[in-house]
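Data first, discussion second: the structure below is written as structure tokens.
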Amino acid sequence: MEKFTLTPSHEEIVVNTGSHEGAIDLFSYDADLEPAARNLGSLFILGWRTDDTDTMGYMVSLIAAMARREYYAQPDANPRDAFTRALRRVNEVVDEFFKSAGAKLSVGIVALPGNTILVSKLGAFKVLLARNGSVIDILNNVLLFSKEHLEKRRFSSVISGSVQPGDRLLAYYPSKPVTARERQIKAWMLAQPETSLRTHLERLGQEHPTFSASFVHVDMKSTPAVVEEETPTIEPVLAWAPRQASPETIVPVTASAPAHVPEPAIEEIPNIIPAEFSRGSREHRSLKLLSNLRFVRLDTRGKAIMLGISALVIFGGVVLVRSVWFTSPEEMHARAALSSARDDLAAAQKTSGADARNLLLKALGILTGDTALSDNGDATKLSASVMDAMDKLDNAQAASLSVLAQPDPKTDAIQLAVWASASQSLWTVTTSSDNTVSAVQFRDGTAATRVKLDSAPDILLGWKDGVLAIDRAARSVTRVSGGTAKSYTIPTQENILDAAQFADNLYVLTDASILKISALDTDKPVTKEWLTVPTDFVAGGARIIVDGNVYTMSPTGTLVTYYKGEKKTSIETTLTPSDSWRLIPGGAGSFAIADTGRMRMYEFSVADGTLTRTLKVDSDQPLVLMNEGPDGTAIAVTRDNRIWQVR
């Protein structure tokens, strides 16, 4: 039977010189360049640096050279061990660099040995995975990709998981132009064949000269395994020197004797074939042992017992030999994955809180992300045990679902959705087949109002009788009201992370401050710093919500409360949201994390951060997004373009 192996086919895509914000360096090493790549796989390094000064000009190339040398130093090494060793060596140089230089640097290192991916990064770096009709952010998906802490240094952790035939990977530095068009790039990865992604990106660069980026695009292909031809073993022919009749006279044997030398009379000795000689004279150890038994005096019962013991020993030996020497690599990999998941489950049952949840999510990621376990009965049972443990830990209960709307995906593919309390209606941002972006209002499941937008926003908020559509990259707010759309550019150079609406004002969270925008319904909105004391700002927040107080929450679960422009409290919750989540109102004195990736809503207390309840969404369709819904509920959009109310 022909064997197949996963082979990464890659291309480097550079658009408009790669980056207008600095310099980007790409390095790719595979089997064509590295003999060791047959076992250790391909290695890719992508680095962004601020400029080409003497300090920075060589930094990424130095990291790439060192990573390549250390990773391929021992061709027979375990890939994970080789990757870890390379990171530790690179860390030594990078640490020294940061001691003497203050320049900015971002580097991503990706290894693809066999059906595994290993990733580590310094600074900003992204790897997208297109699989089965969805695009996954590898560095932030804890269900499919586990994160192993390495050491408290620059490259501090390794993200790992499995890859499959047909997977497509896109690695890049998330510059502002790329982040602004990330939704479009994801759509191209899903809808287009591999050869057209470069075409779309290059055309985008031609249409928008300010768009400049560099990518490494990898397509995982299943190819016949290379089988090395074995050199046939030639049985040596034993050339016996002819013996003289007189033992004292020895005639050396040569390739051909001279014709004029008379050959002495000899006694020929027959050639002996080694295989025949062995069969005739050597007795197998097992036969010798059995032959000795005839000298042991046993009755009929004793002989039966001895025969049974012998049979058991022989059968056990056969099973042992089969399990050790004849186990396929796929079976060994599946056993190792199951063992790792069992260990994580056992460790989770001995702890609690965020640590237990992370261990369970890691185990679930191993079981659901490995194709070798898809039809494994033990993996199915273990997955059920992990989910039961997670439900008990989260105090989870099944949510009640009802359909709010189901637009036609050909005319209205849903990108964003929110419930607008003021107008008591559902609003969406959709994309049609001709790439027209629109804000659409639904009443009783039917489209009632449609307003064309000039760009694809990232955030959608209910506002008066319409919505606010926010484009983070363009730093613009589009006010949709009365069937018209008006845009306002936020006067800031800071990176916008999130926004929330309260009392007709817009609160914007950036990476450096909190902004308040008032008079949005006029032609001259007013933007100003909301914090009275700028130093009170706590960095690291990713989401914002307002109810009179202003709250920010980080991906690590830290909730910070501000009141009247000043910081009041900071609490640590037991929650660590995935990469796709929203912060929405909960019950009295609580908020909820609507976590799309985990298909759950975690409601927690604002006072102490404790988890109060969890709603789990049982859906056979993956969730695209979750957001605030009507009357204290939530809404969820599934991949089949349906919008659900989650109670």
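Ligands are numbered from 1 in the order shown, residues from 1 within each chain, and chains are lettered A, B, ... in the order they appear in the structure tokens.
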Give one line per residue of region 378-435 of chain A that approaches region 461-475 of chain A to at most 6 Å, naming the two atoms of the closest pair and their distance in Å to one decimal, counting only C-alpha atoms; sort by chain then ascending residue number and deliver it as CSV.
residue,atom,partner,partner_atom,distance
A:Ala420,CA,A:Gly462,CA,4.2
A:Ala422,CA,A:Lys464,CA,5.3
A:Ser423,CA,A:Asp465,CA,4.9
Q: Could you tell me, as number ranges by chain, which residues of region 421-490 of chain A DSSP assigns to strand (DSSP E) when given the backbone?
A: A: 425-431, 437-443, 446-452, 459-463, 466-471, 476-481, 484-489
File of the preceding selection, N, CA and C atoms, as a compact mmCIF listing (two decimals), in the first residue's frame:
# COMPACT_ATOMS: atom_id res chain seq x y z
N SER A 425 -34.72 46.59 17.43
CA SER A 425 -34.58 45.86 16.17
C SER A 425 -33.18 45.29 16.06
N LEU A 426 -33.04 44.37 15.15
CA LEU A 426 -31.76 43.72 14.89
C LEU A 426 -31.07 44.40 13.72
N TRP A 427 -29.79 44.74 13.90
CA TRP A 427 -29.01 45.35 12.83
C TRP A 427 -27.83 44.45 12.50
N THR A 428 -27.48 44.41 11.22
CA THR A 428 -26.33 43.62 10.77
C THR A 428 -25.50 44.43 9.79
N VAL A 429 -24.25 44.03 9.65
CA VAL A 429 -23.42 44.48 8.53
C VAL A 429 -23.22 43.26 7.64
N THR A 430 -23.62 43.39 6.37
CA THR A 430 -23.57 42.24 5.46
C THR A 430 -22.75 42.58 4.22
N THR A 431 -22.30 41.52 3.55
CA THR A 431 -21.58 41.66 2.28
C THR A 431 -22.30 40.84 1.23
N VAL A 437 -20.98 46.36 0.78
CA VAL A 437 -21.13 46.30 2.23
C VAL A 437 -22.31 47.18 2.63
N SER A 438 -23.23 46.63 3.42
CA SER A 438 -24.44 47.37 3.80
C SER A 438 -24.75 47.16 5.27
N ALA A 439 -25.39 48.18 5.86
CA ALA A 439 -25.99 48.04 7.18
C ALA A 439 -27.46 47.74 6.97
N VAL A 440 -27.94 46.62 7.52
CA VAL A 440 -29.30 46.15 7.26
C VAL A 440 -30.04 46.02 8.58
N GLN A 441 -31.23 46.61 8.65
CA GLN A 441 -32.10 46.50 9.82
C GLN A 441 -33.14 45.42 9.58
N PHE A 442 -33.31 44.52 10.55
CA PHE A 442 -34.29 43.45 10.46
C PHE A 442 -35.39 43.67 11.49
N ARG A 443 -36.62 43.53 11.04
CA ARG A 443 -37.78 43.55 11.94
C ARG A 443 -38.59 42.30 11.68
N THR A 446 -37.31 40.06 8.93
CA THR A 446 -37.29 40.53 7.54
C THR A 446 -36.51 41.82 7.43
N ALA A 447 -35.72 41.97 6.36
CA ALA A 447 -34.95 43.19 6.15
C ALA A 447 -35.89 44.36 5.90
N ALA A 448 -35.74 45.40 6.76
CA ALA A 448 -36.63 46.56 6.65
C ALA A 448 -35.91 47.78 6.11
N THR A 449 -34.66 47.97 6.46
CA THR A 449 -33.88 49.13 6.03
C THR A 449 -32.51 48.66 5.57
N ARG A 450 -32.00 49.24 4.48
CA ARG A 450 -30.69 48.87 3.96
C ARG A 450 -29.94 50.16 3.59
N VAL A 451 -28.73 50.32 4.16
CA VAL A 451 -27.91 51.50 3.91
C VAL A 451 -26.52 51.04 3.48
N LYS A 452 -26.06 51.52 2.33
CA LYS A 452 -24.74 51.13 1.81
C LYS A 452 -23.64 51.83 2.60
N ILE A 459 -16.63 47.01 14.32
CA ILE A 459 -17.48 47.05 15.51
C ILE A 459 -18.83 47.64 15.13
N LEU A 460 -19.91 47.06 15.64
CA LEU A 460 -21.26 47.54 15.38
C LEU A 460 -21.96 47.74 16.72
N LEU A 461 -22.48 48.97 16.95
CA LEU A 461 -23.14 49.32 18.21
C LEU A 461 -24.50 49.93 17.92
N GLY A 462 -25.51 49.57 18.74
CA GLY A 462 -26.81 50.21 18.62
C GLY A 462 -26.73 51.67 19.06
N TRP A 463 -27.45 52.55 18.35
CA TRP A 463 -27.41 53.99 18.66
C TRP A 463 -28.67 54.66 18.15
N GLY A 466 -30.70 53.91 14.95
CA GLY A 466 -29.82 53.23 14.00
C GLY A 466 -28.66 52.56 14.70
N VAL A 467 -27.48 52.64 14.06
CA VAL A 467 -26.28 52.01 14.61
C VAL A 467 -25.06 52.88 14.35
N LEU A 468 -23.99 52.58 15.08
CA LEU A 468 -22.67 53.16 14.84
C LEU A 468 -21.78 52.04 14.31
N ALA A 469 -21.20 52.25 13.13
CA ALA A 469 -20.29 51.27 12.52
C ALA A 469 -18.88 51.84 12.58
N ILE A 470 -17.98 51.13 13.25
CA ILE A 470 -16.65 51.66 13.52
C ILE A 470 -15.61 50.87 12.75
N ASP A 471 -14.79 51.56 11.98
CA ASP A 471 -13.66 50.98 11.25
C ASP A 471 -12.41 51.33 12.03
N SER A 476 -12.55 55.59 11.89
CA SER A 476 -13.75 56.32 11.49
C SER A 476 -14.98 55.73 12.15
N VAL A 477 -15.98 56.59 12.37
CA VAL A 477 -17.28 56.19 12.91
C VAL A 477 -18.34 56.59 11.90
N THR A 478 -19.11 55.59 11.43
CA THR A 478 -20.20 55.87 10.49
C THR A 478 -21.52 55.79 11.25
N ARG A 479 -22.28 56.89 11.22
CA ARG A 479 -23.57 56.96 11.91
C ARG A 479 -24.67 56.62 10.91
N VAL A 480 -25.35 55.50 11.14
CA VAL A 480 -26.44 55.08 10.27
C VAL A 480 -27.75 55.43 10.96
N SER A 481 -28.51 56.35 10.36
CA SER A 481 -29.75 56.81 10.98
C SER A 481 -30.65 57.38 9.89
N THR A 484 -29.72 57.02 6.11
CA THR A 484 -28.51 57.65 5.59
C THR A 484 -27.31 57.28 6.45
N ALA A 485 -26.12 57.53 5.91
CA ALA A 485 -24.88 57.23 6.63
C ALA A 485 -23.94 58.42 6.55
N LYS A 486 -23.42 58.85 7.69
CA LYS A 486 -22.44 59.93 7.76
C LYS A 486 -21.24 59.46 8.56
N SER A 487 -20.06 59.82 8.09
CA SER A 487 -18.82 59.35 8.73
C SER A 487 -18.11 60.47 9.45
N TYR A 488 -17.42 60.08 10.51
CA TYR A 488 -16.63 61.02 11.32
C TYR A 488 -15.29 60.36 11.61
N THR A 489 -14.20 61.07 11.33
CA THR A 489 -12.86 60.54 11.60
C THR A 489 -12.42 60.93 13.00
Q: Based on DSSP run over this structure's backbone, return all residues of region 348-524 of chain A in alpha helix (DSSP H), as a VMD selection string.
A: chain A and resid 348 353 to 369 377 to 394
**Q.** Neighbour list for Asp343 (chain A) as a PyMOL selection string, cut-off 12 Å, only C-alpha atoms, skip fewer than 2 positions in-chain
**A.** chain A and resi 336-341+345-350+359-360+362-364+366+382+386
Q | Residues near Lys410 (chain A), cut-off 12 Å, only C-alpha atoms, skip fewer than 4 positions along chain, as an NGL selection string | A | :A and (406 or 414 or 430-436 or 640-641)
Write the residues you've just listed into a file as an mmCIF file, in the first residue's frame, and include N, CA and C atoms for each of them.
data_model
loop_
_atom_site.group_PDB
_atom_site.id
_atom_site.type_symbol
_atom_site.label_atom_id
_atom_site.label_comp_id
_atom_site.auth_asym_id
_atom_site.auth_seq_id
_atom_site.Cartn_x
_atom_site.Cartn_y
_atom_site.Cartn_z
ATOM 1 N N GLN A 406 -32.888 34.904 9.222
ATOM 2 C CA GLN A 406 -32.073 34.043 8.379
ATOM 3 C C GLN A 406 -31.952 34.661 6.993
ATOM 4 N N ILE A 414 -23.525 37.659 6.613
ATOM 5 C CA ILE A 414 -23.420 38.447 7.840
ATOM 6 C C ILE A 414 -21.968 38.558 8.299
ATOM 7 N N THR A 430 -23.620 43.386 6.369
ATOM 8 C CA THR A 430 -23.572 42.240 5.459
ATOM 9 C C THR A 430 -22.754 42.575 4.222
ATOM 10 N N THR A 431 -22.295 41.524 3.551
ATOM 11 C CA THR A 431 -21.577 41.657 2.284
ATOM 12 C C THR A 431 -22.303 40.836 1.230
ATOM 13 N N SER A 432 -22.605 41.459 0.087
ATOM 14 C CA SER A 432 -23.307 40.762 -0.983
ATOM 15 C C SER A 432 -22.308 40.087 -1.916
ATOM 16 N N SER A 433 -22.821 39.362 -2.900
ATOM 17 C CA SER A 433 -21.958 38.640 -3.822
ATOM 18 C C SER A 433 -21.078 39.565 -4.652
ATOM 19 N N ASP A 434 -21.498 40.836 -4.821
ATOM 20 C CA ASP A 434 -20.666 41.794 -5.562
ATOM 21 C C ASP A 434 -19.804 42.646 -4.633
ATOM 22 N N ASN A 435 -19.627 42.154 -3.370
ATOM 23 C CA ASN A 435 -18.780 42.798 -2.355
ATOM 24 C C ASN A 435 -19.319 44.149 -1.882
ATOM 25 N N THR A 436 -20.597 44.392 -2.063
ATOM 26 C CA THR A 436 -21.218 45.595 -1.514
ATOM 27 C C THR A 436 -21.452 45.404 -0.017
ATOM 28 N N ASP A 640 -24.105 29.096 8.936
ATOM 29 C CA ASP A 640 -25.122 28.977 7.892
ATOM 30 C C ASP A 640 -25.927 30.262 7.721
ATOM 31 N N ASN A 641 -25.456 31.372 8.316
ATOM 32 C CA ASN A 641 -26.041 32.712 8.126
ATOM 33 C C ASN A 641 -27.350 32.911 8.893
#
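Minimum atom-to-atom distance to Arg639 (chain A), evaluated using only C-alpha atoms, belongs to A:Pro409 out of A:Pro409, A:Asn115, A:Thr532, A:Ser421.
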**Q.** Point-to-point distance in Å for CA of Leu118 (chain A) and CA of Leu201 (chain A)
**A.** 26.1 Å
Q: Could you check how far CA of Leu373 (chain A) sits from CA of Glu331 (chain A), in Å to one decimal?
A: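 We find that CA of Leu373 (chain A) and CA of Glu331 (chain A) lie 9.6 Å from each other.
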Q.
Taking only C-alpha atoms into account, name the residue in A:Val418, A:Ala636, A:Val624, A:Ala588 that is nearest to Ser134 (chain A).
A.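 Using only C-alpha atoms, Ser134 (chain A) sits closest to A:Val624.
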Identify, on the basis of only C-alpha atoms, every residue whose closest approach to region 165-181 of chain A does not exceed 6 Å; exclude the query and any residue fewer than 4 positions from it along the same chain; express the result as a PDB file with C-alpha atoms, in the first residue's frame.
ATOM      1  CA  PHE A 125       2.815  38.138  14.607  1.00  0.00           C
ATOM      2  CA  LYS A 126      -0.177  36.199  13.234  1.00  0.00           C
ATOM      3  CA  VAL A 127      -0.745  32.812  11.630  1.00  0.00           C
ATOM      4  CA  LEU A 128      -4.143  32.096  10.070  1.00  0.00           C
ATOM      5  CA  LEU A 129      -5.318  28.554   9.280  1.00  0.00           C
ATOM      6  CA  ALA A 130      -8.013  27.918   6.662  1.00  0.00           C
ATOM      7  CA  ARG A 131      -9.710  24.573   7.314  1.00  0.00           C
ATOM      8  CA  PHE A 211      -1.349  48.855   1.149  1.00  0.00           C
ATOM      9  CA  PHE A 215       3.153  37.084   3.716  1.00  0.00           C
ATOM     10  CA  VAL A 216       4.289  33.475   3.833  1.00  0.00           C
ATOM     11  CA  HIS A 217       1.527  31.317   2.308  1.00  0.00           C
ATOM     12  CA  VAL A 218       1.743  27.547   2.917  1.00  0.00           C
ATOM     13  CA  ASP A 219      -0.439  24.841   1.397  1.00  0.00           C
ATOM     14  CA  MET A 220      -0.324  21.439   3.143  1.00  0.00           C
ATOM     15  CA  LYS A 221      -0.375  18.759   0.453  1.00  0.00           C
ATOM     16  CA  SER A 222      -0.557  14.999   0.772  1.00  0.00           C
ATOM     17  CA  ALA A 473      -7.982  50.808  10.988  1.00  0.00           C
TER      18      ALA A 473
END
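Restricting the calculation to only C-alpha atoms, the smallest distance between Trp644 (chain A) and any of A:Leu559, A:Leu611, A:Leu520, A:Ala399 is found for A:Ala399.
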